[in-house]
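Engineer: Enclosed is the structure file input-v1.cif (mmCIF, N, CA and C atoms).
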data_data
#
loop_
_atom_site.label_atom_id
_atom_site.label_comp_id
_atom_site.auth_asym_id
_atom_site.auth_seq_id
_atom_site.Cartn_x
_atom_site.Cartn_y
_atom_site.Cartn_z
N MET B 1443 168.43 89.39 92.23
CA MET B 1443 169.40 88.66 91.45
C MET B 1443 168.67 87.54 90.73
N HIS B 1444 168.95 87.36 89.48
CA HIS B 1444 168.29 86.32 88.70
C HIS B 1444 168.86 84.96 89.03
N ALA B 1445 168.02 83.92 88.91
CA ALA B 1445 168.48 82.56 89.20
C ALA B 1445 169.66 82.19 88.31
N ARG B 1446 169.64 82.66 87.05
CA ARG B 1446 170.73 82.35 86.14
C ARG B 1446 172.05 82.94 86.65
N MET B 1447 171.98 84.14 87.20
CA MET B 1447 173.18 84.78 87.73
C MET B 1447 173.72 83.97 88.91
N LYS B 1448 172.83 83.49 89.77
CA LYS B 1448 173.26 82.70 90.93
C LYS B 1448 173.99 81.44 90.49
N SER B 1449 173.49 80.80 89.43
CA SER B 1449 174.08 79.53 89.02
C SER B 1449 175.52 79.71 88.55
N ASN B 1450 175.90 80.93 88.21
CA ASN B 1450 177.27 81.18 87.78
C ASN B 1450 178.19 81.58 88.92
N LEU B 1451 177.63 81.86 90.08
CA LEU B 1451 178.45 82.35 91.18
C LEU B 1451 179.18 81.22 91.90
N LYS B 1452 180.49 81.44 92.10
CA LYS B 1452 181.30 80.50 92.86
C LYS B 1452 181.45 81.04 94.27
N VAL B 1453 181.11 80.21 95.25
CA VAL B 1453 181.16 80.62 96.65
C VAL B 1453 182.14 79.71 97.39
N LEU B 1454 183.09 80.33 98.09
CA LEU B 1454 183.99 79.58 98.97
C LEU B 1454 183.50 79.78 100.39
N VAL B 1455 183.17 78.68 101.08
CA VAL B 1455 182.69 78.75 102.46
C VAL B 1455 183.81 78.22 103.36
N VAL B 1456 184.17 79.03 104.36
CA VAL B 1456 185.28 78.69 105.26
C VAL B 1456 184.75 78.59 106.68
N ASP B 1457 184.92 77.42 107.28
CA ASP B 1457 184.51 77.21 108.67
C ASP B 1457 185.26 75.99 109.19
N ASP B 1458 185.64 76.02 110.47
CA ASP B 1458 186.37 74.90 111.04
C ASP B 1458 185.46 73.73 111.40
N ASP B 1459 184.15 73.88 111.27
CA ASP B 1459 183.19 72.82 111.56
C ASP B 1459 182.75 72.14 110.26
N ALA B 1460 183.30 70.96 109.99
CA ALA B 1460 183.02 70.25 108.74
C ALA B 1460 181.54 69.93 108.56
N ARG B 1461 180.84 69.61 109.65
CA ARG B 1461 179.40 69.30 109.53
C ARG B 1461 178.62 70.54 109.10
N TYR B 1462 178.98 71.67 109.67
CA TYR B 1462 178.33 72.93 109.29
C TYR B 1462 178.60 73.23 107.82
N LEU B 1463 179.84 73.01 107.38
CA LEU B 1463 180.19 73.27 105.99
C LEU B 1463 179.33 72.44 105.04
N GLU B 1464 179.13 71.18 105.37
CA GLU B 1464 178.30 70.32 104.51
C GLU B 1464 176.87 70.83 104.43
N LEU B 1465 176.34 71.29 105.54
CA LEU B 1465 174.98 71.84 105.57
C LEU B 1465 174.88 73.09 104.69
N VAL B 1466 175.82 74.00 104.85
CA VAL B 1466 175.80 75.24 104.07
C VAL B 1466 176.02 74.92 102.59
N LYS B 1467 176.91 74.00 102.30
CA LYS B 1467 177.16 73.61 100.91
C LYS B 1467 175.88 73.08 100.28
N PHE B 1468 175.17 72.23 100.99
CA PHE B 1468 173.91 71.68 100.48
C PHE B 1468 172.90 72.81 100.23
N MET B 1469 172.76 73.74 101.19
CA MET B 1469 171.80 74.84 101.04
C MET B 1469 172.11 75.67 99.81
N LEU B 1470 173.38 76.01 99.63
CA LEU B 1470 173.75 76.89 98.53
C LEU B 1470 173.71 76.18 97.18
N GLU B 1471 174.13 74.93 97.14
CA GLU B 1471 174.04 74.18 95.89
C GLU B 1471 172.59 74.00 95.48
N ASP B 1472 171.72 73.79 96.46
CA ASP B 1472 170.29 73.67 96.19
C ASP B 1472 169.72 74.95 95.58
N ALA B 1473 170.35 76.09 95.92
CA ALA B 1473 169.92 77.38 95.38
C ALA B 1473 170.61 77.72 94.06
N GLY B 1474 171.49 76.85 93.60
CA GLY B 1474 172.12 77.04 92.30
C GLY B 1474 173.52 77.60 92.28
N PHE B 1475 174.16 77.72 93.45
CA PHE B 1475 175.53 78.23 93.51
C PHE B 1475 176.52 77.08 93.30
N ASP B 1476 177.71 77.42 92.81
CA ASP B 1476 178.84 76.48 92.80
C ASP B 1476 179.57 76.70 94.11
N VAL B 1477 179.69 75.66 94.93
CA VAL B 1477 180.20 75.83 96.29
C VAL B 1477 181.45 75.01 96.52
N TYR B 1478 182.44 75.66 97.14
CA TYR B 1478 183.69 75.03 97.55
C TYR B 1478 183.84 75.29 99.03
N THR B 1479 184.45 74.37 99.75
CA THR B 1479 184.58 74.53 101.19
C THR B 1479 186.03 74.38 101.64
N GLU B 1480 186.30 74.97 102.79
CA GLU B 1480 187.63 74.87 103.40
C GLU B 1480 187.47 74.91 104.91
N THR B 1481 188.06 73.92 105.60
CA THR B 1481 187.98 73.88 107.06
C THR B 1481 189.15 74.61 107.72
N ASP B 1482 190.23 74.85 106.99
CA ASP B 1482 191.41 75.51 107.54
C ASP B 1482 191.60 76.85 106.86
N SER B 1483 191.30 77.92 107.56
CA SER B 1483 191.37 79.26 106.96
C SER B 1483 192.78 79.61 106.49
N ARG B 1484 193.80 78.97 107.06
CA ARG B 1484 195.17 79.25 106.64
C ARG B 1484 195.43 78.79 105.21
N ARG B 1485 194.62 77.85 104.71
CA ARG B 1485 194.81 77.34 103.35
C ARG B 1485 194.09 78.16 102.28
N VAL B 1486 193.29 79.12 102.69
CA VAL B 1486 192.49 79.89 101.73
C VAL B 1486 193.36 80.61 100.69
N PRO B 1487 194.43 81.32 101.08
CA PRO B 1487 195.24 82.00 100.04
C PRO B 1487 195.75 81.03 98.96
N GLN B 1488 196.16 79.83 99.35
CA GLN B 1488 196.62 78.86 98.36
C GLN B 1488 195.46 78.39 97.47
N ARG B 1489 194.28 78.22 98.06
CA ARG B 1489 193.10 77.83 97.28
C ARG B 1489 192.77 78.89 96.24
N LEU B 1490 192.94 80.15 96.61
CA LEU B 1490 192.63 81.24 95.68
C LEU B 1490 193.59 81.28 94.50
N ALA B 1491 194.80 80.79 94.71
CA ALA B 1491 195.78 80.75 93.62
C ALA B 1491 195.29 79.86 92.47
N ALA B 1492 194.45 78.88 92.79
CA ALA B 1492 193.91 77.98 91.78
C ALA B 1492 192.68 78.56 91.09
N GLY B 1493 192.18 79.66 91.58
CA GLY B 1493 190.99 80.29 90.99
C GLY B 1493 190.18 80.98 92.07
N SER B 1494 189.78 82.20 91.77
CA SER B 1494 189.06 83.00 92.77
C SER B 1494 187.56 82.76 92.74
N PRO B 1495 186.95 82.68 93.92
CA PRO B 1495 185.49 82.60 93.97
C PRO B 1495 184.91 84.01 93.75
N ASP B 1496 183.61 84.07 93.53
CA ASP B 1496 182.94 85.36 93.38
C ASP B 1496 182.67 85.98 94.75
N VAL B 1497 182.59 85.14 95.77
CA VAL B 1497 182.33 85.61 97.13
C VAL B 1497 182.85 84.57 98.12
N ILE B 1498 183.26 85.05 99.29
CA ILE B 1498 183.70 84.16 100.36
C ILE B 1498 182.73 84.33 101.53
N VAL B 1499 182.30 83.21 102.09
CA VAL B 1499 181.50 83.21 103.31
C VAL B 1499 182.39 82.58 104.37
N THR B 1500 182.72 83.34 105.40
CA THR B 1500 183.64 82.82 106.42
C THR B 1500 183.09 82.97 107.83
N ASP B 1501 183.33 81.95 108.63
CA ASP B 1501 183.04 82.03 110.06
C ASP B 1501 184.02 83.03 110.66
N VAL B 1502 183.61 83.71 111.69
CA VAL B 1502 184.50 84.66 112.34
C VAL B 1502 185.36 83.96 113.38
N LEU B 1503 184.75 83.11 114.19
CA LEU B 1503 185.47 82.50 115.31
C LEU B 1503 186.04 81.14 114.90
N MET B 1504 187.32 81.17 114.50
CA MET B 1504 188.03 79.94 114.12
C MET B 1504 189.40 79.96 114.77
N PRO B 1505 189.96 78.77 115.01
CA PRO B 1505 191.32 78.72 115.60
C PRO B 1505 192.36 79.13 114.56
N GLU B 1506 193.52 79.45 115.02
CA GLU B 1506 194.67 79.80 114.19
C GLU B 1506 194.49 81.13 113.47
N LEU B 1507 193.62 81.19 112.47
CA LEU B 1507 193.40 82.39 111.68
C LEU B 1507 191.89 82.60 111.62
N ASP B 1508 191.39 83.58 112.38
CA ASP B 1508 189.94 83.76 112.41
C ASP B 1508 189.46 84.48 111.15
N GLY B 1509 188.16 84.59 111.00
CA GLY B 1509 187.59 85.16 109.79
C GLY B 1509 187.98 86.61 109.54
N VAL B 1510 188.08 87.41 110.60
CA VAL B 1510 188.47 88.81 110.45
C VAL B 1510 189.93 88.88 109.99
N GLU B 1511 190.79 88.07 110.60
CA GLU B 1511 192.19 88.04 110.19
C GLU B 1511 192.32 87.55 108.75
N LEU B 1512 191.50 86.57 108.37
CA LEU B 1512 191.51 86.08 107.00
C LEU B 1512 191.14 87.21 106.04
N GLY B 1513 190.10 87.96 106.37
CA GLY B 1513 189.69 89.08 105.54
C GLY B 1513 190.80 90.11 105.39
N GLN B 1514 191.49 90.41 106.49
CA GLN B 1514 192.60 91.37 106.46
C GLN B 1514 193.73 90.86 105.57
N LEU B 1515 194.02 89.56 105.69
CA LEU B 1515 195.07 88.95 104.88
C LEU B 1515 194.73 89.02 103.39
N LEU B 1516 193.48 88.75 103.06
CA LEU B 1516 193.06 88.76 101.66
C LEU B 1516 193.07 90.18 101.08
N LYS B 1517 192.86 91.19 101.90
CA LYS B 1517 192.84 92.57 101.42
C LYS B 1517 194.24 93.07 101.05
N ILE B 1518 195.28 92.38 101.49
CA ILE B 1518 196.66 92.77 101.17
C ILE B 1518 196.98 92.50 99.71
N ASN B 1519 196.45 91.40 99.18
CA ASN B 1519 196.72 91.01 97.80
C ASN B 1519 195.71 91.68 96.87
N GLU B 1520 196.20 92.32 95.82
CA GLU B 1520 195.33 93.06 94.90
C GLU B 1520 194.23 92.19 94.29
N GLU B 1521 194.58 90.94 93.92
CA GLU B 1521 193.59 90.07 93.29
C GLU B 1521 192.52 89.60 94.26
N SER B 1522 192.92 89.24 95.48
CA SER B 1522 191.92 88.75 96.43
C SER B 1522 191.21 89.88 97.17
N ALA B 1523 191.77 91.09 97.11
CA ALA B 1523 191.16 92.23 97.81
C ALA B 1523 189.78 92.57 97.29
N VAL B 1524 189.49 92.22 96.05
CA VAL B 1524 188.20 92.57 95.45
C VAL B 1524 187.11 91.52 95.70
N ILE B 1525 187.48 90.40 96.30
CA ILE B 1525 186.48 89.36 96.57
C ILE B 1525 185.64 89.77 97.76
N PRO B 1526 184.32 89.88 97.58
CA PRO B 1526 183.47 90.24 98.72
C PRO B 1526 183.42 89.12 99.75
N ILE B 1527 183.27 89.52 101.01
CA ILE B 1527 183.25 88.55 102.11
C ILE B 1527 182.00 88.75 102.94
N VAL B 1528 181.34 87.62 103.26
CA VAL B 1528 180.23 87.61 104.19
C VAL B 1528 180.75 86.95 105.46
N TYR B 1529 180.65 87.64 106.59
CA TYR B 1529 181.12 87.12 107.87
C TYR B 1529 179.94 86.52 108.62
N VAL B 1530 180.08 85.26 109.05
CA VAL B 1530 179.03 84.61 109.82
C VAL B 1530 179.60 84.11 111.15
N SER B 1531 178.78 84.15 112.18
CA SER B 1531 179.18 83.61 113.47
C SER B 1531 178.03 83.64 114.45
N ALA B 1532 178.15 82.83 115.47
CA ALA B 1532 177.15 82.82 116.54
C ALA B 1532 177.46 83.93 117.55
N TRP B 1533 178.71 84.34 117.64
CA TRP B 1533 179.15 85.38 118.57
C TRP B 1533 178.66 85.10 119.99
N THR B 1534 178.56 83.86 120.36
CA THR B 1534 178.03 83.49 121.67
C THR B 1534 179.14 83.42 122.70
N GLY B 1535 179.03 84.22 123.72
CA GLY B 1535 179.96 84.16 124.84
C GLY B 1535 181.36 84.62 124.53
N VAL B 1536 181.57 85.22 123.40
CA VAL B 1536 182.89 85.69 123.01
C VAL B 1536 182.79 87.17 122.70
N PRO B 1537 183.73 87.96 123.17
CA PRO B 1537 183.66 89.39 122.84
C PRO B 1537 183.55 89.56 121.33
N GLU B 1538 182.67 90.44 120.92
CA GLU B 1538 182.43 90.63 119.50
C GLU B 1538 183.67 91.15 118.80
N ARG B 1539 184.02 90.51 117.70
CA ARG B 1539 185.14 90.95 116.88
C ARG B 1539 184.70 92.15 116.06
N GLU B 1540 185.57 93.11 115.94
CA GLU B 1540 185.24 94.26 115.11
C GLU B 1540 185.45 93.87 113.65
N LEU B 1541 184.39 93.97 112.87
CA LEU B 1541 184.46 93.63 111.46
C LEU B 1541 184.85 94.86 110.66
N PRO B 1542 185.37 94.65 109.47
CA PRO B 1542 185.72 95.80 108.63
C PRO B 1542 184.50 96.69 108.38
N ARG B 1543 184.75 97.95 108.20
CA ARG B 1543 183.68 98.92 107.93
C ARG B 1543 182.86 98.47 106.73
N GLY B 1544 181.55 98.46 106.89
CA GLY B 1544 180.65 98.08 105.81
C GLY B 1544 180.54 96.58 105.58
N ALA B 1545 181.13 95.79 106.47
CA ALA B 1545 181.11 94.34 106.29
C ALA B 1545 179.68 93.79 106.38
N ILE B 1546 179.45 92.74 105.63
CA ILE B 1546 178.16 92.06 105.68
C ILE B 1546 178.29 90.95 106.70
N ARG B 1547 177.39 90.96 107.64
CA ARG B 1547 177.47 90.06 108.79
C ARG B 1547 176.16 89.30 108.93
N LEU B 1548 176.27 88.04 109.26
CA LEU B 1548 175.10 87.19 109.42
C LEU B 1548 175.27 86.36 110.68
N MET B 1549 174.26 86.37 111.51
CA MET B 1549 174.31 85.64 112.78
C MET B 1549 173.81 84.21 112.60
N LYS B 1550 174.55 83.24 113.18
CA LYS B 1550 174.10 81.85 113.21
C LYS B 1550 173.13 81.69 114.37
N PRO B 1551 172.14 80.88 114.27
CA PRO B 1551 171.71 80.16 113.07
C PRO B 1551 170.95 81.10 112.14
N PHE B 1552 170.95 80.77 110.86
CA PHE B 1552 170.24 81.57 109.88
C PHE B 1552 169.50 80.66 108.92
N ALA B 1553 168.47 81.21 108.30
CA ALA B 1553 167.70 80.48 107.29
C ALA B 1553 168.46 80.52 105.97
N PRO B 1554 168.27 79.52 105.12
CA PRO B 1554 168.95 79.53 103.83
C PRO B 1554 168.75 80.84 103.06
N GLN B 1555 167.55 81.37 103.07
CA GLN B 1555 167.26 82.60 102.33
C GLN B 1555 168.06 83.79 102.87
N GLU B 1556 168.31 83.80 104.18
CA GLU B 1556 169.12 84.89 104.76
C GLU B 1556 170.55 84.85 104.23
N LEU B 1557 171.10 83.64 104.12
CA LEU B 1557 172.45 83.49 103.59
C LEU B 1557 172.50 83.89 102.11
N ILE B 1558 171.52 83.46 101.37
CA ILE B 1558 171.46 83.80 99.94
C ILE B 1558 171.35 85.31 99.77
N GLN B 1559 170.54 85.96 100.58
CA GLN B 1559 170.40 87.41 100.51
C GLN B 1559 171.72 88.11 100.86
N ALA B 1560 172.43 87.60 101.86
CA ALA B 1560 173.71 88.20 102.26
C ALA B 1560 174.73 88.06 101.13
N ILE B 1561 174.78 86.90 100.50
CA ILE B 1561 175.70 86.67 99.38
C ILE B 1561 175.35 87.59 98.22
N THR B 1562 174.07 87.67 97.91
CA THR B 1562 173.61 88.53 96.82
C THR B 1562 173.99 89.98 97.08
N ARG B 1563 173.76 90.44 98.30
CA ARG B 1563 174.10 91.82 98.66
C ARG B 1563 175.60 92.06 98.54
N ALA B 1564 176.41 91.12 99.02
CA ALA B 1564 177.86 91.27 98.96
C ALA B 1564 178.35 91.38 97.52
N VAL B 1565 177.81 90.55 96.66
CA VAL B 1565 178.23 90.57 95.24
C VAL B 1565 177.76 91.86 94.57
N GLU B 1566 176.52 92.25 94.84
CA GLU B 1566 176.00 93.48 94.23
C GLU B 1566 176.77 94.70 94.69
N GLU B 1567 177.08 94.79 95.99
CA GLU B 1567 177.85 95.92 96.50
C GLU B 1567 179.25 95.94 95.91
N SER B 1568 179.86 94.77 95.80
CA SER B 1568 181.20 94.67 95.24
C SER B 1568 181.20 95.09 93.77
N THR B 1569 180.20 94.66 93.03
CA THR B 1569 180.08 95.01 91.62
C THR B 1569 179.90 96.52 91.46
N SER B 1570 179.08 97.10 92.32
CA SER B 1570 178.83 98.54 92.28
C SER B 1570 180.11 99.32 92.61
N GLU B 1571 180.85 98.87 93.62
CA GLU B 1571 182.10 99.53 94.00
C GLU B 1571 183.12 99.44 92.87
N GLU B 1572 183.20 98.28 92.22
CA GLU B 1572 184.14 98.10 91.11
C GLU B 1572 183.78 99.00 89.95
N ALA B 1573 182.50 99.12 89.64
CA ALA B 1573 182.04 99.99 88.55
C ALA B 1573 182.39 101.44 88.84
N GLN B 1574 182.22 101.86 90.10
CA GLN B 1574 182.55 103.24 90.48
C GLN B 1574 184.06 103.48 90.39
N ARG B 1575 184.84 102.47 90.79
CA ARG B 1575 186.29 102.60 90.74
C ARG B 1575 186.76 102.76 89.29
N VAL B 1576 186.22 101.93 88.40
CA VAL B 1576 186.59 101.97 87.00
C VAL B 1576 186.17 103.31 86.37
N ALA B 1577 185.00 103.80 86.78
CA ALA B 1577 184.50 105.06 86.23
C ALA B 1577 185.20 106.27 86.85
N GLY B 1578 186.01 106.04 87.90
CA GLY B 1578 186.73 107.12 88.54
C GLY B 1578 185.87 107.97 89.46
N ILE B 1579 184.78 107.37 89.96
CA ILE B 1579 183.88 108.09 90.86
C ILE B 1579 184.38 108.01 92.28
#
How would this structure read if it were set down as structure tokens?

Structural biologist:
Amino acid sequence: MHARMKSNLKVLVVDDDARYLELVKFMLEDAGFDVYTETDSRRVPQRLAAGSPDVIVTDVLMPELDGVELGQLLKINEESAVIPIVYVSAWTGVPERELPRGAIRLMKPFAPQELIQAITRAVEESTSEEAQRVAGI
């Protein structure tokens, strides 16, 4: 992915840990992404009404509405269903959540480059799937 392409990408990062969000926001902004954050996954659908990001990075283990449930909720709406999602979590001491088929998953802790690669892959796969859908493949 070209640096110019990255600078145009809007990323919504969802995690209930505000300190973690600030760290991820700094890493991604340093790499040229436009980054928005949300600590309450229940507010994500309303945030999307104001404008959709190119990709969502969400923690899996959150109170109230976890990342997998958030992904399921977003897939119900036609507009948000096309937004690629990267699922991140430490998965420590908690039974592993089953992620959607083909989901991009990243284990905490991760290096900035690993997150950037996961975002890039999610966007590229989503773009490829959309092109195939439009072409009727």

Engineer: Record the distance separating atom CA of B:Asp1472 and atom CA of B:Ala1492, expressed in Å with one decimal.

Structural biologist: 24.4 Å

Engineer: For B:Leu1507, which residue among B:Ala1564, B:Leu1548, B:Val1456, B:Ala1523 is the nearest when counting only C-alpha atoms?

Structural biologist: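 Between B:Ala1564, B:Leu1548, B:Val1456, B:Ala1523, the residue approaching B:Leu1507 most closely is B:Val1456.
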
Engineer: Just the number, please: distance in Å from atom N of B:Glu1556 to atom CA of B:Pro1505, one decimal.

Structural biologist: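 Calculated distance between atom N of B:Glu1556 and atom CA of B:Pro1505 is 26.2 Å.
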
Engineer: Run DSSP on the backbone and tell me which residues of chain B come out as alpha helix (DSSP H); list them as an MDAnalysis selection string.

Structural biologist: chainID B and resid 1445:1450 1460:1472 1486:1491 1509:1518 1520:1523 1554:1577

Engineer: What is the distance between atom N of B:Arg1543 and atom C of B:Gln1555, in Å to one decimal?

Structural biologist: 22.5 Å

Engineer: Run the PyMOL selection byres ((chain B and resi 1545) around 7) against the file shown and list the residues it catches, as an mmCIF file with N, CA and C atoms, keeping the file's coordinate frame.

Structural biologist:
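File written: result12.cif
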data_model
loop_
_atom_site.group_PDB
_atom_site.id
_atom_site.type_symbol
_atom_site.label_atom_id
_atom_site.label_comp_id
_atom_site.auth_asym_id
_atom_site.auth_seq_id
_atom_site.Cartn_x
_atom_site.Cartn_y
_atom_site.Cartn_z
ATOM 1 N N ILE B 1527 183.270 89.520 101.010
ATOM 2 C CA ILE B 1527 183.250 88.550 102.110
ATOM 3 C C ILE B 1527 182.000 88.750 102.940
ATOM 4 N N VAL B 1528 181.340 87.620 103.260
ATOM 5 C CA VAL B 1528 180.230 87.610 104.190
ATOM 6 C C VAL B 1528 180.750 86.950 105.460
ATOM 7 N N TYR B 1529 180.650 87.640 106.590
ATOM 8 C CA TYR B 1529 181.120 87.120 107.870
ATOM 9 C C TYR B 1529 179.940 86.520 108.620
ATOM 10 N N LEU B 1541 184.390 93.970 112.870
ATOM 11 C CA LEU B 1541 184.460 93.630 111.460
ATOM 12 C C LEU B 1541 184.850 94.860 110.660
ATOM 13 N N PRO B 1542 185.370 94.650 109.470
ATOM 14 C CA PRO B 1542 185.720 95.800 108.630
ATOM 15 C C PRO B 1542 184.500 96.690 108.380
ATOM 16 N N ARG B 1543 184.750 97.950 108.200
ATOM 17 C CA ARG B 1543 183.680 98.920 107.930
ATOM 18 C C ARG B 1543 182.860 98.470 106.730
ATOM 19 N N GLY B 1544 181.550 98.460 106.890
ATOM 20 C CA GLY B 1544 180.650 98.080 105.810
ATOM 21 C C GLY B 1544 180.540 96.580 105.580
ATOM 22 N N ILE B 1546 179.450 92.740 105.630
ATOM 23 C CA ILE B 1546 178.160 92.060 105.680
ATOM 24 C C ILE B 1546 178.290 90.950 106.700
ATOM 25 N N ARG B 1547 177.390 90.960 107.640
ATOM 26 C CA ARG B 1547 177.470 90.060 108.790
ATOM 27 C C ARG B 1547 176.160 89.300 108.930
#

Engineer: Rank B:Ile1518, B:Val1502, B:Ile1561, B:Val1510 by their smallest atom-to-atom distance to B:Ala1532, using only N, CA and C atoms, and report the top residue only.

Structural biologist: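 Between B:Ile1518, B:Val1502, B:Ile1561, B:Val1510, the residue approaching B:Ala1532 most closely is B:Val1502.
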
Engineer: Write out as an mmCIF file with N, CA and C atoms, keeping the file's coordinate frame the residues lying within 10 Å of B:Glu1506, counting only C-alpha atoms and excluding same-chain residues fewer than 4 positions away.

Structural biologist:
data_model
loop_
_atom_site.group_PDB
_atom_site.id
_atom_site.type_symbol
_atom_site.label_atom_id
_atom_site.label_comp_id
_atom_site.auth_asym_id
_atom_site.auth_seq_id
_atom_site.Cartn_x
_atom_site.Cartn_y
_atom_site.Cartn_z
ATOM 1 N N ASP B 1482 190.230 74.850 106.990
ATOM 2 C CA ASP B 1482 191.410 75.510 107.540
ATOM 3 C C ASP B 1482 191.600 76.850 106.860
ATOM 4 N N SER B 1483 191.300 77.920 107.560
ATOM 5 C CA SER B 1483 191.370 79.260 106.960
ATOM 6 C C SER B 1483 192.780 79.610 106.490
ATOM 7 N N ARG B 1484 193.800 78.970 107.060
ATOM 8 C CA ARG B 1484 195.170 79.250 106.640
ATOM 9 C C ARG B 1484 195.430 78.790 105.210
ATOM 10 N N GLU B 1511 190.790 88.070 110.600
ATOM 11 C CA GLU B 1511 192.190 88.040 110.190
ATOM 12 C C GLU B 1511 192.320 87.550 108.750
#

Engineer: To test your reading of the structure, identify every residue in stretch 1446-1579 of chain B that backbone DSSP assigns to strand (DSSP E), and report it as a PyMOL selection string.

Structural biologist: chain B and resi 1452-1456+1476-1480+1497-1501+1527-1531+1546-1549
